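K.L.:
One structure, as structure tokens, below. Some questions next.
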Amino acid sequence: MVAIRGYLISLLLVAGATAICELVRPHLIPTNMVMVYLLAVVAAAAKLGRRPAIATAFFSVLAFDFFFVPPRLTFSVAEKEYLVTFLGFFVVGVMISSLVAKVREQSLERERLSHEAEKARILQARENLERALLNSISHDLRTPLVSIKGALSALKEQGGRLSPEARRDLLETANEEAERLNRFVGNLLDLSRLEAGALRPRIEPCDLQELIGCAISAMESRLGDRNVSVQLPQGLTLVPLDLVLMTQVLVNLLDNANKYAPAQGSIEVEARVAGAWLSLTVADRGPGAPEAELSHIFDKFHRVQVPEKTGGTGLGLSICKGIVEAHGGRIAARNRPQGGLAVEILLPLQQGAEEP
Amino acid sequence: MKESQEATGQRILVIDDEAAIRRFLHSALSSDEFILHEADSGHGGLSAAAALRPDLILLDLGLPDLEGIEVIRRIREWSQVPIIVLSVREREDDKVAALDAGADDYLTKPFGVGELLARMRASLRRSAVQLSEPVFSSGDLTVDLNLRRVTVEGAEVQLTPTEYDLLRLLITHADKVITHSQILKQIWGVAYQDQPQVLRVTISNLRKKVERDPSRPRHITTEPGVGYRFKQVQP
């Protein structure tokens, strides 16, 4: 089917060249028309491959002879010199076909090879991640369980001998650690859904203020009385995004800022339009991250090394990255000149504009 | 009113197949305020609901014999008893389906007892008083339903007719989640059910008029992916 289509297109190319030659016939001697046909051959070689190109050369000779070589509208040739033109044209046509087709095949092959190399690289990266996941998962799941089990068994077995303060402390520990465990399990589920491609954003026009409001209210209990300043662009209300997933991205970023920034420092959330993109930035006044780590903080289970316990799972930012990329957007972190970390998200304002 | 409730005790039916969760709810909720009954399957829950006529049902969505959504539908065929869904499913679709089938509220497991009690009391309150008062108030917001007059901190605010209708719908279902499609159907009609933008814009405008800080709404809160909830502050 494909082969027949190639030859049909070569016939069309020849017909096109013939039509052009017919238009310019009053101004051109027949031998110069050969150039137009040669163009058709080159086009066929580049787009269709070697065989259709040779066919194009062959059809070109026939058409040229029939339509333009005197006596016109016959295949007979008055001046024998034209036989040399035919032969020359045909040989040049075949050579060009071979050369162009070869270049085309080489570039196709290169594409295939680099595609395979990319696939192998992704496979390797995935294996590394999976190993890291297994190593880290048992640790991160067990740690809170140790505290919960410890606190509850202490209460059950020693409860009568403990002071009321000690009992309250144990209960609070168990409760906090249970919440941490729940967040971690939720993060793991999200990450596996993202990786399985099952977490498809449902993109709808959403209110920016509502998005930021949802994120702040979900963080309310963890933020305490920390100040979060919000800056929104004038006049822009609805932007295309998945409210549920982007709320989670902002919650994770706020949570991160909340964890690393000093208790009194405010967190700044800013949205603005940057060309065809919506830029959303969450910035804190914490210690920032070492420059060398900036590009890795979105990797799974990566944690910026800080001395005091921060209780992160190393999953939040990689979930952000997964969700942002599923929106066709980008996420990046930078240190602010005045100190602190700024994470910027870019989301396309026109959904689908990216796709070819 | 409170005394009479405590004297009789509200009948609560728990439908959940997990014994550990029934046990936890039993210890956490049993008091003078509530009398707990349990069912461990969908069919068991349906017959218990018919026999006991509970004041409120706590329903798990993942039952072994019957989909929780189906349980809601069958109960709704004959009863308007408040139903609160308890589910480990986090997907918004499941919550929306449960609410659209007639559930009053949902809580994602795990949850704290304080949160559960607040939701239960809100549902019970709603079923007891069907907005008999012509003047509704919550915190700094007052809505006079007779005069169609809305004030914030004593100052009157001008709402468009659509904004007013939306606010009235939300306050008549105070403390309850209303799904996007339920709101769209009631305010704009069935034809708008697939156009949540009109709702988003109206909510945004309404918040600018009745919320002190629209980025941190106190009255009209968003349940992402599900709908909206008017949070009533008790005077």
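Simple scheme: letters A, B, ... for chains in structure tokens order, numbers from 1 for residues in each chain, numbers from 1 for ligands in the order shown.
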Do me a favour and pick out the residues of chain A within 7 Å of chain B, using only C-alpha atoms, as an MDAnalysis selection string.
P.N.:
chainID A and resid 205:207 209:210 212:214 217 243:244
K.L.:
Could you dump the residues just selected with N, CA, C and O atoms as a PDB file, in the first residue's frame?
P.N.:
```pdb
ATOM      1  N   PRO A 205     -10.727  25.509  33.553  1.00  0.00           N
ATOM      2  CA  PRO A 205     -10.432  26.879  33.971  1.00  0.00           C
ATOM      3  C   PRO A 205     -10.640  27.010  35.475  1.00  0.00           C
ATOM      4  O   PRO A 205     -11.716  26.683  35.979  1.00  0.00           O
ATOM      5  N   CYS A 206      -9.610  27.433  36.192  1.00  0.00           N
ATOM      6  CA  CYS A 206      -9.707  27.526  37.648  1.00  0.00           C
ATOM      7  C   CYS A 206      -9.348  28.922  38.117  1.00  0.00           C
ATOM      8  O   CYS A 206      -8.572  29.621  37.491  1.00  0.00           O
ATOM      9  N   ASP A 207      -9.920  29.287  39.261  1.00  0.00           N
ATOM     10  CA  ASP A 207      -9.660  30.583  39.872  1.00  0.00           C
ATOM     11  C   ASP A 207      -8.346  30.502  40.657  1.00  0.00           C
ATOM     12  O   ASP A 207      -8.201  29.677  41.544  1.00  0.00           O
ATOM     13  N   GLN A 209      -7.039  32.553  42.814  1.00  0.00           N
ATOM     14  CA  GLN A 209      -7.192  32.871  44.224  1.00  0.00           C
ATOM     15  C   GLN A 209      -7.740  31.670  44.999  1.00  0.00           C
ATOM     16  O   GLN A 209      -7.331  31.380  46.112  1.00  0.00           O
ATOM     17  N   GLU A 210      -8.658  30.943  44.330  1.00  0.00           N
ATOM     18  CA  GLU A 210      -9.233  29.756  44.939  1.00  0.00           C
ATOM     19  C   GLU A 210      -8.160  28.689  45.140  1.00  0.00           C
ATOM     20  O   GLU A 210      -8.076  28.055  46.190  1.00  0.00           O
ATOM     21  N   ILE A 212      -4.909  29.101  45.527  1.00  0.00           N
ATOM     22  CA  ILE A 212      -4.008  29.452  46.622  1.00  0.00           C
ATOM     23  C   ILE A 212      -4.745  29.333  47.959  1.00  0.00           C
ATOM     24  O   ILE A 212      -4.181  28.849  48.946  1.00  0.00           O
ATOM     25  N   GLY A 213      -6.028  29.721  47.970  1.00  0.00           N
ATOM     26  CA  GLY A 213      -6.830  29.593  49.186  1.00  0.00           C
ATOM     27  C   GLY A 213      -6.936  28.148  49.648  1.00  0.00           C
ATOM     28  O   GLY A 213      -6.808  27.851  50.842  1.00  0.00           O
ATOM     29  N   CYS A 214      -7.172  27.237  48.691  1.00  0.00           N
ATOM     30  CA  CYS A 214      -7.285  25.805  49.047  1.00  0.00           C
ATOM     31  C   CYS A 214      -5.987  25.306  49.658  1.00  0.00           C
ATOM     32  O   CYS A 214      -5.998  24.563  50.645  1.00  0.00           O
ATOM     33  N   SER A 217      -5.492  26.774  53.163  1.00  0.00           N
ATOM     34  CA  SER A 217      -6.382  26.220  54.185  1.00  0.00           C
ATOM     35  C   SER A 217      -6.018  24.768  54.500  1.00  0.00           C
ATOM     36  O   SER A 217      -6.167  24.327  55.638  1.00  0.00           O
ATOM     37  N   LEU A 243      -7.318  21.645  39.615  1.00  0.00           N
ATOM     38  CA  LEU A 243      -7.336  22.295  40.932  1.00  0.00           C
ATOM     39  C   LEU A 243      -6.847  21.357  42.031  1.00  0.00           C
ATOM     40  O   LEU A 243      -6.064  21.752  42.892  1.00  0.00           O
ATOM     41  N   VAL A 244      -7.276  20.109  41.985  1.00  0.00           N
ATOM     42  CA  VAL A 244      -6.922  19.170  43.048  1.00  0.00           C
ATOM     43  C   VAL A 244      -5.410  18.920  43.054  1.00  0.00           C
ATOM     44  O   VAL A 244      -4.747  19.010  44.094  1.00  0.00           O
TER      45      VAL A 244
END
```
K.L.:
Using only C-alpha atoms, which protein or nucleic acid residues come within 12 Å of region 12-18 of chain B? Drop anything in the same chain fewer than 4 positions from it, and give the result as a PyMOL selection string.
P.N.:
chain B and resi 22-26+29-31+33-68+71-72+81-88+117+120-121+123-124
K.L.:
Could you tell me how far CA of Asp144 (chain B) lies from CA of Lys185 (chain B), in Å and to one decimal?
P.N.:
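These two atoms are separated by 24.0 Å.
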K.L.:
Please return, as a CSV table (one decimal) with C-alpha atoms, in the first residue's frame, all residues of region 122-306 of chain A that DSSP assigns to strand (DSSP E or B) on the basis of the backbone.
P.N.:
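File out11.csv, as written:
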```csv
chain,number,residue,atom,x,y,z
A,204,GLU,CA,-10.3,23.1,33.7
A,205,PRO,CA,-10.4,26.9,34.0
A,206,CYS,CA,-9.7,27.5,37.6
A,207,ASP,CA,-9.7,30.6,39.9
A,228,VAL,CA,1.9,33.9,54.1
A,229,SER,CA,1.8,36.8,51.7
A,230,VAL,CA,-0.1,36.4,48.5
A,231,GLN,CA,0.4,38.4,45.3
A,238,LEU,CA,-9.3,31.8,35.3
A,239,VAL,CA,-6.3,29.7,34.4
A,240,PRO,CA,-6.3,26.1,33.0
A,241,LEU,CA,-5.2,23.6,35.5
A,267,ILE,CA,6.4,32.8,53.1
A,268,GLU,CA,5.7,34.6,49.8
A,269,VAL,CA,3.4,33.2,47.2
A,270,GLU,CA,3.4,35.1,43.9
A,271,ALA,CA,1.6,34.5,40.6
A,272,ARG,CA,2.2,36.5,37.5
A,273,VAL,CA,1.9,36.1,33.7
A,274,ALA,CA,5.2,35.6,31.8
A,277,TRP,CA,3.1,31.0,30.8
A,278,LEU,CA,1.7,31.4,34.3
A,279,SER,CA,4.5,31.7,36.8
A,280,LEU,CA,3.8,30.6,40.4
A,281,THR,CA,6.5,31.1,42.9
A,282,VAL,CA,6.7,30.0,46.5
A,283,ALA,CA,9.6,31.6,48.3
```
K.L.:
Find the spatial neighbours of Ser181 (chain B), counting only C-alpha atoms, within a cut-off of 12 Å - ignore same-chain residues fewer than 6 positions away - and output them as a list in words.
P.N.:
Val96, Ala97, Leu99, Asp100, Ala101, Ile187, Trp188, Gly189, Val190, Ala191, Tyr192, Gln193, Asp194, Gln195, Pro196, Gln197, Val198, Leu199, Gly225, Val226, Gly227 and Tyr228 of chain B
K.L.:
Using only C-alpha atoms for the distances, tell me which of A:Ser221, A:Glu195, A:Asn182, A:Ile323 is nearest to Leu250 (chain A).
P.N.:
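Among the listed residues, the smallest separation from Leu250 (chain A) belongs to A:Ile323.
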K.L.:
What are the DSSP helix (DSSP H, G or I) residues of region 53-201 of chain B, as a VMD selection string?
P.N.:
chain B and resid 68 to 76 92 to 101 113 to 128 161 to 172 180 to 187 190 to 192 196 to 201
K.L.:
Near Lys149 (chain A), counting only C-alpha atoms, which residues have an atom at most 8 Å away, once you skip same-chain residues fewer than 4 positions from it, shown as number ranges by chain?
P.N.:
A: 145, 153, 174
K.L.:
So that I have them on file, write out the residues from the current selection with C-alpha atoms, as a compact mmCIF listing (two decimals), in the first residue's frame.
P.N.:
```txt
# COMPACT_ATOMS: atom_id res chain seq x y z
CA LEU A 145 5.44 3.03 63.38
CA SER A 153 2.49 0.01 74.40
CA ALA A 174 1.45 8.71 68.54
```
K.L.:
Just the residues within 10 Å of region 315-320 of chain A, please, counting only C-alpha atoms, with nothing from its chain fewer than 2 positions along; format it as a VMD selection string.
P.N.:
chain A and resid 183 to 184 187 to 188 190 to 192 194 to 195 245 to 246 248 to 253 255 to 256 296 to 303 312 to 313 322 to 326 330 to 331 343 345
K.L.:
Would you compute the distance between CA of Leu39 (chain A) and CA of Ala57 (chain A)? Give it in Å to one decimal.
P.N.:
10.1 Å
K.L.:
Considering only C-alpha atoms, return as a PyMOL selection string whatever protein or nucleic-acid residues lie within 10 Å of region 166-176 of chain B, sequence-local ones (same chain, fewer than 3 positions apart) excluded.
P.N.:
chain B and resi 99+103-106+118-119+122-123+125-126+130-131+136-138+143-145+148+150+159-163+179+183-184+186-188+199+202-203+206-207+210+219-221+227-233
K.L.:
Mind giving me the straight-line distance from CA of Cys21 (chain A) to CA of Met95 (chain A) in Å, one decimal?
P.N.:
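Value for the CA of Cys21 (chain A)-CA of Met95 (chain A) distance: 23.0 Å.
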K.L.:
Find the residues near region 162-168 of chain A: any atom within 10 Å, counting only C-alpha atoms, skip ones fewer than 5 places away on the same chain, and give them as an NGL selection string.
P.N.:
:A and (151-152 or 154-155 or 173-174)
